[in-house]
Each structure stands twice: as structure tokens, then as C-alpha cells.
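**Q** For reference, this is run13.txt, and it has compact mmCIF, C-alpha atoms.
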# COMPACT_ATOMS: atom_id res chain seq x y z
CA VAL A 299 -7.08 17.71 -8.89
CA PRO A 300 -6.79 20.61 -6.41
CA ASP A 301 -3.45 21.22 -4.71
CA SER A 302 -4.96 20.07 -1.41
CA ILE A 303 -5.58 16.58 -2.79
CA ILE A 304 -2.97 13.98 -1.95
CA LEU A 305 -1.94 11.54 -4.67
CA ASN A 306 -0.63 8.08 -3.76
CA SER A 307 -1.00 8.47 -0.01
CA ARG A 308 -0.11 4.83 0.67
CA ARG A 309 2.02 2.14 -0.93
CA PHE A 310 -0.71 1.13 -3.40
CA ALA A 311 -2.39 4.54 -3.72
CA ASP A 312 -4.83 4.33 -0.79
CA ALA A 313 -6.03 2.26 2.16
CA GLN A 314 -7.98 0.04 -0.26
CA ASN A 315 -4.88 -0.89 -2.33
CA SER A 316 -6.66 0.32 -5.50
CA SER A 317 -3.40 1.49 -7.19
CA TYR A 318 -5.65 4.09 -8.88
CA LEU A 319 -4.95 7.80 -9.35
CA PRO A 320 -7.73 10.16 -10.61
CA VAL A 321 -5.45 11.77 -13.24
CA SER A 322 -4.69 11.19 -16.91
CA GLY A 323 -1.87 11.85 -19.35
CA LYS A 324 0.23 10.30 -22.06
CA LEU A 325 3.80 9.02 -21.81
CA THR A 326 6.05 10.66 -24.44
CA GLY A 327 9.46 10.02 -22.88
CA ASP A 328 10.41 13.71 -22.70
CA ILE A 329 12.42 14.37 -19.53
CA ILE A 330 11.41 17.41 -17.47
CA TRP A 331 14.09 17.06 -14.79
CA GLU A 332 16.52 14.54 -13.33
CA GLN A 333 17.97 14.73 -9.83
CA LYS A 334 20.55 12.46 -8.21
CA SER A 335 19.79 10.67 -4.97
CA ILE A 336 20.79 12.68 -1.91
CA LEU A 337 21.72 9.55 0.03
CA ASP A 338 25.32 8.50 0.61
CA GLU A 339 24.43 4.83 0.31
CA PRO A 340 22.69 3.25 -2.70
CA LEU A 341 19.17 2.74 -1.32
CA PRO A 342 16.14 2.25 -3.59
CA PRO A 343 13.15 4.57 -3.20
CA VAL A 344 10.12 2.47 -2.27
CA TYR A 345 7.18 4.92 -2.46
CA LEU A 346 6.46 8.22 -4.19
CA ALA A 347 3.61 10.56 -3.23
CA ILE A 348 2.38 14.05 -4.10
CA ASN A 349 0.95 16.69 -1.79
CA GLY A 350 0.36 20.03 -3.49
CA ALA A 351 3.68 21.35 -4.81
CA LEU A 352 5.67 18.68 -3.00
CA LEU A 353 7.00 15.31 -4.09
CA ILE A 354 7.53 12.91 -1.20
CA ILE A 355 10.07 10.11 -1.62
CA ARG A 356 10.19 7.33 0.98
CA TYR A 357 13.32 5.19 1.22
CA PRO A 358 13.57 2.21 3.59
CA SER A 359 14.82 4.46 6.40
CA PHE A 360 14.71 8.01 4.98
CA ILE A 361 12.21 10.53 3.69
CA ASN A 362 13.11 13.18 1.12
CA ILE A 363 10.84 16.11 0.24
CA ARG A 364 11.33 17.80 -3.14
CA ASN A 365 9.76 20.57 -5.18
CA ARG A 366 7.92 18.63 -7.87
CA GLU A 367 8.22 21.45 -10.41
CA THR A 368 12.04 21.49 -10.34
CA GLY A 369 13.06 18.39 -8.42
CA GLN A 370 15.02 20.51 -5.94
CA SER A 371 15.50 18.75 -2.60
CA LEU A 372 13.94 20.79 0.22
CA TRP A 373 14.79 18.55 3.15
CA ALA A 374 15.51 14.98 4.15
CA ARG A 375 15.22 13.11 7.40
CA GLN A 376 16.12 9.69 8.72
CA LEU A 377 13.15 7.63 9.85
CA GLN A 378 12.52 4.43 11.71
CA GLY A 379 11.72 1.66 9.27
CA ASN A 380 8.98 -0.05 11.29
CA PHE A 381 5.84 1.57 9.84
CA THR A 382 4.11 1.59 6.50
CA PHE A 383 3.95 4.72 4.34
CA ASP A 384 0.82 6.68 5.33
CA LEU A 385 0.44 10.29 4.19
CA LYS A 386 -2.54 11.97 5.83
CA PRO A 387 -3.84 15.52 5.13
CA GLU A 388 -2.11 16.77 8.30
CA GLY A 389 1.20 15.06 7.68
CA LEU A 390 3.13 11.82 7.52
CA VAL A 391 2.67 9.08 10.11
CA THR A 392 5.97 8.15 11.78
CA LEU A 393 7.22 6.34 14.87
CA ASP A 394 10.15 7.65 16.87
CA LYS A 395 12.86 5.51 18.50
CA SER A 396 10.83 5.19 21.69
CA GLY A 397 7.76 4.01 19.79
CA TYR A 398 5.80 7.26 20.06
CA TYR A 399 3.20 7.72 17.32
CA GLU A 400 3.84 11.01 15.50
CA LEU A 401 2.41 13.10 12.71
CA LEU A 402 5.21 14.90 10.89
CA SER A 403 4.18 17.89 8.80
CA LEU A 404 5.82 18.41 5.42
CA ASN A 405 7.73 21.40 6.79
CA GLN A 406 9.35 19.14 9.42
CA GLU A 407 7.18 20.10 12.40
CA ILE A 408 5.89 17.38 14.71
CA ILE A 409 2.22 18.31 14.97
CA LYS A 410 1.09 15.33 17.02
CA ARG A 411 2.87 12.95 19.38
CA ILE A 412 0.97 10.20 21.18
CA SER A 413 2.14 7.37 23.39
CA LEU A 414 0.26 4.31 22.14
CA PRO A 415 0.59 1.11 24.21
CA PHE A 416 2.79 -1.67 22.86
CA LEU A 417 4.27 0.28 19.91
CA ASN A 418 8.06 0.00 20.04
CA ASN A 419 11.09 -1.13 18.03
CA ASP A 420 9.77 -4.71 18.06
CA THR A 421 6.51 -3.82 16.33
CA PHE A 422 5.56 -2.77 12.80
CA LEU A 423 2.66 -0.31 12.39
CA TYR A 424 0.46 -1.20 9.39
CA LEU A 425 -2.52 1.15 9.71
CA SER A 426 -3.79 3.95 11.92
CA HIS A 427 -6.88 6.14 11.92
CA GLN A 428 -7.99 8.71 14.46
CA LYS A 429 -11.64 9.62 14.97
CA GLY A 430 -12.29 12.09 17.77
CA ASP A 431 -10.77 10.78 20.98
CA GLU A 432 -10.42 7.28 19.53
CA ILE A 433 -7.54 5.92 17.50
CA TYR A 434 -7.54 2.61 15.67
CA TYR A 435 -4.17 1.01 14.96
CA VAL A 436 -2.93 -2.32 13.63
CA TYR A 437 0.57 -3.56 14.37
CA GLN A 438 2.63 -6.69 13.86
CA SER A 439 4.77 -7.97 16.71
CA ILE A 440 8.18 -9.07 15.48
CA PRO A 441 9.27 -12.52 16.79
CA THR A 442 11.45 -12.30 19.88
CA PRO A 443 14.80 -14.17 19.62
CA ILE A 444 15.89 -16.52 22.37
CA THR A 445 18.84 -14.95 24.19
CA TYR A 446 19.25 -17.07 27.32
CA PRO A 447 18.47 -20.70 28.21
CA GLY A 448 14.88 -20.92 29.39
CA ASP A 449 13.73 -17.86 27.38
CA LYS A 450 10.31 -18.36 25.84
CA PHE A 451 10.19 -17.82 22.09
CA GLU A 452 7.28 -15.66 20.96
CA GLY A 453 6.31 -16.07 17.32
CA PRO A 454 4.70 -13.45 15.11
CA SER A 455 1.31 -12.04 16.11
CA PHE A 456 -0.79 -9.05 15.16
CA THR A 457 -2.99 -6.78 17.24
CA PHE A 458 -5.82 -4.45 16.25
CA SER A 459 -6.43 -1.84 18.95
CA ARG A 460 -9.35 0.51 19.48
CA TYR A 461 -7.94 2.97 21.99
CA ASN A 462 -9.32 6.06 23.76
CA ILE A 463 -6.57 8.66 23.82
CA GLU A 464 -8.10 10.91 26.48
CA GLU A 465 -8.91 8.10 28.90
CA GLN A 466 -5.73 6.17 27.97
CA SER A 467 -7.66 2.93 27.87
CA PHE A 468 -8.51 0.20 25.37
CA ILE A 469 -12.08 -0.11 24.14
CA TRP A 470 -11.27 -3.41 22.43
CA ARG A 471 -8.29 -5.38 21.13
CA LEU A 472 -8.15 -8.21 18.60
CA LYS A 473 -4.99 -10.33 18.81
CA ARG A 474 -4.09 -13.36 16.72
CA PRO A 475 -0.84 -15.42 16.46
CA GLU A 476 -0.45 -14.76 12.74
CA GLU A 477 1.63 -12.70 10.33
CA ILE A 478 -0.09 -9.88 8.44
CA VAL A 479 -0.18 -9.89 4.64
CA ASP A 480 -1.91 -6.50 4.52
CA THR A 481 -4.49 -4.29 6.22
CA LEU A 482 -7.32 -2.44 4.46
CA PHE A 483 -9.77 0.32 5.38
CA THR A 484 -12.91 1.05 3.35
CA LYS A 485 -13.30 4.35 1.55
CA ASP A 486 -16.28 5.29 3.75
CA GLN A 487 -14.01 4.67 6.77
CA GLY A 488 -16.51 2.25 8.24
CA ARG A 489 -14.86 -1.19 7.96
CA PHE A 490 -11.46 -2.77 8.47
CA CYS A 491 -10.03 -5.85 6.80
CA ILE A 492 -6.93 -7.64 8.10
CA CYS A 493 -5.42 -10.27 5.79
CA THR A 494 -3.01 -12.88 7.11
CA ALA A 495 -1.50 -15.86 5.31
CA ASN A 496 -4.54 -18.01 6.17
CA HIS A 497 -7.41 -15.78 7.31
CA ILE A 498 -9.43 -12.69 6.49
CA TYR A 499 -10.73 -10.72 9.50
CA LEU A 500 -13.49 -8.21 8.77
CA PHE A 501 -15.19 -5.86 11.23
CA SER A 502 -16.62 -2.35 11.54
CA THR A 503 -15.17 0.64 13.38
CA THR A 504 -17.85 0.12 16.05
CA ALA A 505 -16.74 -3.47 16.80
CA ALA A 506 -16.24 -3.94 20.54
CA SER A 507 -15.61 -7.69 20.92
CA ASP A 508 -14.34 -10.72 19.02
CA LYS A 509 -17.98 -11.66 18.37
CA ASP A 510 -18.22 -8.69 15.97
CA VAL A 511 -15.50 -10.13 13.70
CA LYS A 512 -16.26 -12.07 10.50
CA THR A 513 -13.52 -14.62 9.74
CA ILE A 514 -12.91 -16.34 6.38
CA GLY A 515 -10.36 -19.16 6.19
CA PHE A 516 -7.93 -19.70 3.32
CA GLU A 517 -5.27 -22.25 2.52
CA GLN A 518 -3.03 -19.45 1.24
CA ILE A 519 -3.40 -15.67 0.81
CA LEU A 520 -0.89 -13.77 -1.33
CA SER A 521 -2.51 -10.31 -1.44
CA CYS A 522 -5.77 -8.45 -0.90
CA ALA A 523 -7.58 -5.25 -1.89
CA LEU A 524 -10.97 -3.53 -1.77
CA ASP A 525 -12.64 -2.25 -4.92
CA HIS A 526 -14.26 1.20 -5.13
CA LYS A 527 -17.57 -0.19 -3.80
CA GLY A 528 -16.00 -1.96 -0.85
CA ASN A 529 -16.03 -5.46 -2.34
CA LEU A 530 -13.14 -7.67 -1.24
CA LEU A 531 -10.54 -9.06 -3.68
CA ILE A 532 -8.29 -11.91 -2.58
CA LEU A 533 -5.46 -13.56 -4.48
CA GLY A 534 -5.01 -17.01 -2.99
CA ARG A 535 -6.29 -20.56 -2.49
CA GLN A 536 -9.08 -21.84 -0.27
CA ASP A 537 -9.18 -25.36 1.19
CA LYS A 538 -8.67 -28.22 -1.30
CA GLU A 539 -8.11 -25.84 -4.23
CA LYS A 540 -5.07 -26.75 -6.33
CA GLU A 541 -4.83 -23.47 -8.23
CA ILE A 542 -4.39 -19.93 -7.02
CA SER A 543 -7.24 -17.71 -8.13
CA LEU A 544 -8.41 -14.13 -7.86
CA LYS A 545 -11.67 -14.06 -5.90
CA LYS A 546 -14.19 -11.26 -5.48
CA PHE A 547 -16.55 -11.18 -2.47
CA ASP A 548 -19.48 -8.78 -1.97
CA ASN A 549 -20.10 -6.72 1.19
CA ASN A 550 -21.85 -9.71 2.77
CA TYR A 551 -18.72 -11.78 1.98
CA HIS A 552 -20.43 -13.99 -0.58
CA LEU A 553 -18.30 -15.07 -3.55
CA ILE A 554 -19.20 -13.11 -6.71
CA TRP A 555 -16.63 -14.63 -9.09
CA GLN A 556 -13.20 -16.19 -9.24
CA VAL A 557 -10.56 -16.41 -11.96
CA PRO A 558 -7.98 -19.26 -11.79
CA LEU A 559 -4.42 -18.04 -12.45
CA GLY A 560 -2.27 -21.17 -12.00
CA ARG A 561 -0.54 -23.23 -9.31
CA THR A 562 2.09 -20.55 -8.62
CA VAL A 563 1.63 -16.82 -9.11
CA LEU A 564 4.47 -14.29 -8.96
CA SER A 565 3.16 -10.82 -8.21
CA ASN A 566 4.58 -7.84 -6.31
CA GLN A 567 1.27 -5.99 -6.20
CA PRO A 568 -2.29 -6.63 -4.95
CA PRO A 569 -5.19 -6.61 -7.42
CA ALA A 570 -5.86 -3.05 -8.62
CA THR A 571 -9.26 -1.59 -9.50
CA LEU A 572 -10.88 1.17 -11.54
CA PRO A 573 -14.11 2.86 -10.38
CA ASP A 574 -16.02 0.88 -13.07
CA ASP A 575 -15.07 -2.41 -11.28
CA THR A 576 -12.41 -3.44 -13.82
CA VAL A 577 -9.63 -5.35 -12.04
CA TYR A 578 -5.97 -5.57 -13.04
CA ILE A 579 -3.36 -7.95 -11.71
CA VAL A 580 0.15 -9.05 -12.62
CA ALA A 581 0.46 -12.83 -12.56
CA GLY A 582 3.75 -14.29 -13.69
CA SER A 583 4.85 -12.64 -16.93
CA ARG A 584 1.50 -11.06 -17.88
CA LEU A 585 -0.76 -8.19 -16.83
CA TYR A 586 -4.39 -9.33 -16.71
CA CYS A 587 -7.44 -7.12 -17.25
CA ILE A 588 -10.54 -8.72 -15.68
CA ARG A 589 -14.15 -7.58 -15.85
CA ASP A 590 -17.13 -9.41 -14.29
CA GLY A 591 -14.95 -12.44 -13.69
CA ASN A 592 -13.81 -12.68 -17.32
CA ILE A 593 -10.30 -12.04 -18.66
CA VAL A 594 -10.73 -9.22 -21.19
CA TRP A 595 -7.10 -9.03 -22.30
CA THR A 596 -3.55 -9.76 -21.17
CA PHE A 597 -0.30 -7.90 -21.81
CA GLN A 598 3.11 -9.57 -22.02
CA LEU A 599 5.56 -7.98 -19.58
CA PRO A 600 8.95 -6.89 -20.95
CA THR A 601 11.04 -8.42 -18.12
CA LYS A 602 11.08 -11.03 -15.35
CA PRO A 603 7.82 -12.59 -14.06
CA GLY A 604 6.25 -10.74 -11.14
CA GLU A 605 8.66 -7.81 -11.31
CA ALA A 606 6.25 -5.19 -12.67
CA LEU A 607 4.59 -2.41 -10.66
CA PHE A 608 1.76 -0.38 -12.14
CA THR A 609 -0.64 2.52 -11.62
CA LEU A 610 -4.16 2.80 -13.04
CA LEU A 611 -5.18 6.16 -14.48
CA LYS A 612 -8.53 7.96 -14.82
CA ASP A 613 -8.89 7.17 -18.55
CA GLY A 614 -8.53 3.45 -17.83
CA SER A 615 -4.96 3.23 -19.12
CA VAL A 616 -2.09 1.64 -17.19
CA LEU A 617 1.33 3.08 -16.39
CA LEU A 618 3.65 0.13 -15.77
CA SER A 619 7.29 -0.09 -14.70
CA SER A 620 9.30 -3.27 -15.05
CA GLY A 621 13.05 -3.08 -14.50
CA VAL A 622 14.41 -0.42 -16.87
CA TYR A 623 11.15 -0.26 -18.86
CA LEU A 624 8.32 2.24 -18.43
CA VAL A 625 5.25 1.33 -20.46
CA HIS A 626 1.95 3.12 -21.07
CA ILE A 627 -0.84 0.64 -21.95
CA SER A 628 -4.28 1.64 -23.27
CA ASN A 629 -7.55 0.51 -21.68
CA ASN A 630 -7.88 -2.13 -24.40
CA GLY A 631 -4.46 -3.63 -23.78
CA GLU A 632 -2.45 -1.97 -26.56
CA GLU A 633 0.98 -0.48 -26.01
CA ILE A 634 0.84 3.31 -26.34
CA ARG A 635 4.49 3.97 -25.61
CA LYS A 636 7.48 2.17 -24.11
CA ILE A 637 10.73 3.81 -23.05
CA ILE A 638 13.95 2.47 -21.53
CA VAL A 639 15.70 4.28 -18.67
CA ASP A 640 19.29 3.80 -17.45
CA ASP A 641 18.34 3.10 -13.82
CA PRO A 642 15.97 0.23 -12.87
CA ILE A 643 12.72 1.64 -11.47
CA THR A 644 12.19 0.48 -7.88
CA CYS A 645 8.76 1.95 -7.03
CA ARG A 646 5.33 2.38 -8.62
CA PRO A 647 5.26 5.22 -11.17
CA VAL A 648 3.14 8.21 -10.13
CA MET A 649 1.40 10.80 -12.33
CA ASP A 650 0.21 14.27 -11.28
CA GLU A 651 -2.81 16.31 -12.41
CA GLU A 652 -0.82 17.83 -15.30
CA GLY A 653 0.20 14.44 -16.68
CA ARG A 654 3.78 14.60 -15.42
CA ILE A 655 5.19 11.22 -14.45
CA TYR A 656 7.60 10.57 -11.56
CA ILE A 657 9.84 7.51 -11.28
CA GLY A 658 12.67 6.58 -8.95
CA GLY A 659 15.68 4.29 -8.81
CA ILE A 660 18.88 3.91 -6.82
CA ARG A 661 20.64 6.67 -8.79
CA GLY A 662 17.91 9.25 -8.35
CA ILE A 663 14.46 10.64 -9.19
CA ARG A 664 13.18 11.95 -12.50
CA SER A 665 10.10 13.67 -13.87
CA LEU A 666 8.99 13.18 -17.45
CA LYS A 667 6.02 13.47 -19.77
Translate the structure described by the file into C-alpha cells.

**A**
Amino acid sequence: VPDSIILNSRRFADAQNSSYLPVSGKLTGDIIWEQKSILDEPLPPVYLAINGALLIIRYPSFINIRNRETGQSLWARQLQGNFTFDLKPEGLVTLDKSGYYELLSLNQEIIKRISLPFLNNDTFLYLSHQKGDEIYYVYQSIPTPITYPGDKFEGPSFTFSRYNIEEQSFIWRLKRPEEIVDTLFTKDQGRFCICTANHIYLFSTTAASDKDVKTIGFEQILSCALDHKGNLLILGRQDKEKEISLKKFDNNYHLIWQVPLGRTVLSNQPPATLPDDTVYIVAGSRLYCIRDGNIVWTFQLPTKPGEALFTLLKDGSVLLSSGVYLVHISNNGEEIRKIIVDDPITCRPVMDEEGRIYIGGIRGIRSLK
């Protein structure tokens, strides 16, 4: 992995929610370094990412940049909390207090600042992508409270915007009165997928009207992801189904397979995928490995149902955190190593190209092998 490659650029590794990193290593439990949190208040780190020699730690309202060789803190900055973690090659996507869209370089320079219509403190930015003079962005409008008699209550809604920066005009907008579960963008950067609690909206980057949108209805959607070939994975229930299942749809949105997982499913993470189409998902108190619609193996989690977060590695193994446990699981479901740490892990574990593992909790950040 060259230094220019970014690892874990979004909450679940990439814009497809694959939770996959193209690196390998083995957990031994040997600590390389430990560094205390720089924050005055006990906030949990929520995302970790790597860009070259830098380790990026995102807290709910802070970012901290460290040297990943030593753990030394280089700088920290308070951020608005109304945007998802999105680390692009040029820098980190942020929103300022006035709602301006910014790209913040990892040496603290603002390298881009754009006024995008309707982004403000009452919106949450889920996804953005610039292509030439056009920028695509998806945001959730936060419900407006009623302050005075006669005020009209506005419930949650989302908007996808295709906007020309130079002409300062919309090419097309898709707006629906629904709350976003997640937004996805294919690896070839050709298609978007917006998941809400009851619908899937799919369309290409060239879509210019609502007629270009494919809509799939669901009774309930818990999470979504795209596999490495662009196939859609949905954890949820369609009409009249009693059980929640994991469903896989092809690029024409035809159902390929589904795996029932029970009436209630506790999971903090969308389905994760390897390049060979193997799918992993935490459901309740077990990690499931699924291939071609068949459960290959399951692994009993060491703590509470649905609490685990995991990362898939290049050799097919799984690095899983669950409370104070960090577990390395082989590609055939066997425990390679399990260690206990003194600070509950609050974000997905990340591994670099040299096999070093990074974990974070309220007390601080550590690197280990």
C-alpha cells in the first residue's frame, strides 16, 4: 500500500460500506505505543483513518491528527458535528458554522470553500462528490421545532442535489420526506444509492429527473452496502415478511439470494464484503460468514449482542472489537488471537500496510501488533 493510499476513508472503510482494507497482518497483542486522549472531556473516538504517515482520529466534534509511527499529536481542531467522516485525497470534508462546504488539508489549510445551497446548522451532510464544475451532495434536513403558536412543523426529509458550481444553479434535485439510513456511491463513481427506513433510491450520476430514479420499497431497512462488483446488500424486511433477512440484489436490482436472520437483529454495522463476494455481518451475538447465500460459519461474540465492530483484511481474516476485547478471526471462523484491553474500544479497528493495528477508546489511542 503506497503512502498516497488512504485507508478507511469513511466510517465503514469506503463509500460502499465494505469495511474492507487491502492489508494483512496478525494480532499478537504487543503494544507499540499508547497515547492519552488530548481532549479535556471524556469523548469516544468514532472513526480512525490513515493517510500516509498520519493517523486521523475523528471524535463527535473534534479531529486529532497524529504521527502513526509514534502516536505524537500534531494538531487538533474543533469541528461541526453535522457531517459524516469523508477523507478525500485532497483533504477532509468539513462544514463551517455558516454551512460552507470546505476541504481541510491535513496540515490545517482550507484548500476549498464553497457555498452550497441549503447546507446549514439544521442539515447533516452524508455524501459529496465533485466532478469538474458539478458537485453531488446528499443531506438530511433536521426536523424544525415549533417555537410559536401557528408555526408549521417540518419533519425529516433528505435532498440529493446535482449542482453546477460555476453557474451556481441546480441541474436536478431529488427530495423525499424520509430519514436517511445511509448513502452509498459505487466504486466506479457511476451510481448513487440512498437508503431510508422504507425505500431504496438508485440512480446514475447522469440522472436529471425523478424519472431516472429506481425505487424499491421495504417494510424496514436497518442497513445497506454495495459489494465490490456493485451489487446491493440490504438488511431488512420487505412487505409481509415476518423475519429480517440479508438480501443481495444484482445491478439490475433483481434478488440474487436472501438469508433469514430472525425477527429482531441487533447490529451496529452494515454487511461487509470481501472482493471474492464473501459477506460478513454481525446479527445479535454472532458474526456470520455468508457465501452465495449460504451461511459458511458463525463466530460467538465475547460480549453484548450487536456491540461488535469489525474490519475485513486482505487475507480474508476478520479483526473484531467488542467492548474490551480485540479478536483476530481466521477466514474459516477460528480464533487466531484474543486480547483484553483496559479501555472499551469505541470505533472499528484499523490496520496499516505493515500490519500495525490502531484502536481507540475514551482514555486514548494505541497502536499494537

**Q** For a test of reading the model, state the distance in Å between atom CA of A:Lys612 and atom CA of A:Pro320, rounded to one decimal.

**A**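 Going from atom CA of A:Lys612 over to atom CA of A:Pro320 covers 4.8 Å.
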
**Q** Using all atoms listed in the file, what table do you get, as a tab-separated table, when you list each residue of stretch 335-392 of chain A with an atom no more than 6 Å from stretch 421-434 of chain A, its nearest pair of atoms, and their distance in Å rounded to one decimal, rows by chain then rising number?

**A**
residue	atom	partner	partner_atom	distance
A:Asn380	CA	A:Phe422	CA	4.6
A:Phe381	CA	A:Leu423	CA	4.5
A:Thr382	CA	A:Tyr424	CA	5.4

**Q** From the options A:Trp470, A:Phe458, A:Tyr623, A:Phe608, which residue's atoms come nearest to A:Val648, counting only C-alpha atoms?

**A**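 The answer is A:Phe608, which sits nearest to A:Val648.
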
**Q** Let me make sure I understand: among A:Leu572, A:Cys491, A:Val511, A:Ile409, which one has the smallest atom-to-atom distance to A:Ile532 if we use only C-alpha atoms?

**A** A:Cys491

**Q** Within 7 Å of stretch 352-367 of chain A, counting only C-alpha atoms, which residues qualify if same-chain residues fewer than 4 places away don't, as number ranges by chain?

**A** A: 341-348, 371-379

**Q** To one decimal in Å, tell me the separation between atom CA of A:Asn550 and atom CA of A:His526.

**A**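 These atoms are spaced 15.5 Å apart.
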
**Q** Do you have the atom CA of A:Asp640-atom CA of A:Arg661 distance handy?

**A**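 Interatomic distance here is 9.2 Å.
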
**Q** Between A:Leu524, A:Ile593, A:Leu618, A:Leu624, which is the closest to A:Thr571 once you count all atoms listed in the file?

**A**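 When distances to A:Thr571 are compared using all atoms listed in the file, the smallest one comes from A:Leu524.
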
**Q** Give, as AutoDock Vina command-line options, the centre coordinates and the x, y and z edge lengths in Å to one decimal for an axis-aligned box around all listed atoms of stretch 599-605 of chain A, padded by 6 Å on each side.

**A**
--center_x 8.3 --center_y -9.7 --center_z -16.0 --size_x 17.5 --size_y 17.7 --size_z 21.8

**Q** Compile the contact shell of A:Pro569 as a PDB file with C-alpha atoms, in the coordinates of the input: residues with an atom at most 12 Å away, counting only C-alpha atoms, same-chain residues fewer than 4 positions apart removed.

**A**
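Output below, filename result.pdb:
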ATOM      1  CA  PHE A 310      -0.710   1.130  -3.400  1.00  0.00           C
ATOM      2  CA  GLN A 314      -7.980   0.040  -0.260  1.00  0.00           C
ATOM      3  CA  ASN A 315      -4.880  -0.890  -2.330  1.00  0.00           C
ATOM      4  CA  SER A 316      -6.660   0.320  -5.500  1.00  0.00           C
ATOM      5  CA  SER A 317      -3.400   1.490  -7.190  1.00  0.00           C
ATOM      6  CA  TYR A 318      -5.650   4.090  -8.880  1.00  0.00           C
ATOM      7  CA  LEU A 520      -0.890 -13.770  -1.330  1.00  0.00           C
ATOM      8  CA  SER A 521      -2.510 -10.310  -1.440  1.00  0.00           C
ATOM      9  CA  CYS A 522      -5.770  -8.450  -0.900  1.00  0.00           C
ATOM     10  CA  ALA A 523      -7.580  -5.250  -1.890  1.00  0.00           C
ATOM     11  CA  LEU A 524     -10.970  -3.530  -1.770  1.00  0.00           C
ATOM     12  CA  ASP A 525     -12.640  -2.250  -4.920  1.00  0.00           C
ATOM     13  CA  LEU A 530     -13.140  -7.670  -1.240  1.00  0.00           C
ATOM     14  CA  LEU A 531     -10.540  -9.060  -3.680  1.00  0.00           C
ATOM     15  CA  ILE A 532      -8.290 -11.910  -2.580  1.00  0.00           C
ATOM     16  CA  LEU A 533      -5.460 -13.560  -4.480  1.00  0.00           C
ATOM     17  CA  GLY A 534      -5.010 -17.010  -2.990  1.00  0.00           C
ATOM     18  CA  SER A 543      -7.240 -17.710  -8.130  1.00  0.00           C
ATOM     19  CA  LEU A 544      -8.410 -14.130  -7.860  1.00  0.00           C
ATOM     20  CA  LYS A 545     -11.670 -14.060  -5.900  1.00  0.00           C
ATOM     21  CA  LYS A 546     -14.190 -11.260  -5.480  1.00  0.00           C
ATOM     22  CA  SER A 565       3.160 -10.820  -8.210  1.00  0.00           C
ATOM     23  CA  ASP A 575     -15.070  -2.410 -11.280  1.00  0.00           C
ATOM     24  CA  THR A 576     -12.410  -3.440 -13.820  1.00  0.00           C
ATOM     25  CA  VAL A 577      -9.630  -5.350 -12.040  1.00  0.00           C
ATOM     26  CA  TYR A 578      -5.970  -5.570 -13.040  1.00  0.00           C
ATOM     27  CA  ILE A 579      -3.360  -7.950 -11.710  1.00  0.00           C
ATOM     28  CA  VAL A 580       0.150  -9.050 -12.620  1.00  0.00           C
ATOM     29  CA  ALA A 581       0.460 -12.830 -12.560  1.00  0.00           C
ATOM     30  CA  LEU A 585      -0.760  -8.190 -16.830  1.00  0.00           C
ATOM     31  CA  TYR A 586      -4.390  -9.330 -16.710  1.00  0.00           C
ATOM     32  CA  CYS A 587      -7.440  -7.120 -17.250  1.00  0.00           C
ATOM     33  CA  ILE A 588     -10.540  -8.720 -15.680  1.00  0.00           C
ATOM     34  CA  LEU A 607       4.590  -2.410 -10.660  1.00  0.00           C
ATOM     35  CA  PHE A 608       1.760  -0.380 -12.140  1.00  0.00           C
ATOM     36  CA  THR A 609      -0.640   2.520 -11.620  1.00  0.00           C
ATOM     37  CA  LEU A 610      -4.160   2.800 -13.040  1.00  0.00           C
TER      38      LEU A 610
END

**Q** Please determine, counting all atoms listed in the file, which residue among A:Asn418, A:Gln370, A:Ser665, A:Ser615 has the shortest atom-to-atom distance to A:Trp331.

**A** A:Ser665

**Q** Which residue, A:Gly659, A:Gly604, A:Pro415, A:Pro558, has the smallest gap to A:Gly397 when you use only C-alpha atoms?

**A**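 Nearest candidate to A:Gly397 out of A:Gly659, A:Gly604, A:Pro415, A:Pro558: A:Pro415.
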
**Q** Identify, on the basis of only C-alpha atoms, every residue whose closest approach to A:Phe383 does not exceed 7 Å; exclude the query and any residue fewer than 2 positions from it along the same chain; express the result as a list of chain:residue names.

**A**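 Contacts, in chain order: A:Arg308, A:Arg309, A:Phe381, A:Leu385.
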
**Q** Excluding A:Ile638 and residues on its chain fewer than 4 positions from it, collect all residues at most 10 Å away from it, counting only C-alpha atoms, and give them as a list in words.

**A**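 Near A:Ile638, the qualifying residues are Gly327, Ser619, Ser620, Gly621, Val622, Tyr623, Leu624, Val625 and Pro642 of chain A.
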
**Q** Considering all atoms listed in the file, state which residue in the set A:Gly369, A:Tyr435, A:Arg584, A:Thr484 is at the smallest distance from A:Arg460.

**A**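 Looking at the shortest contact to A:Arg460, the residue is A:Tyr435.
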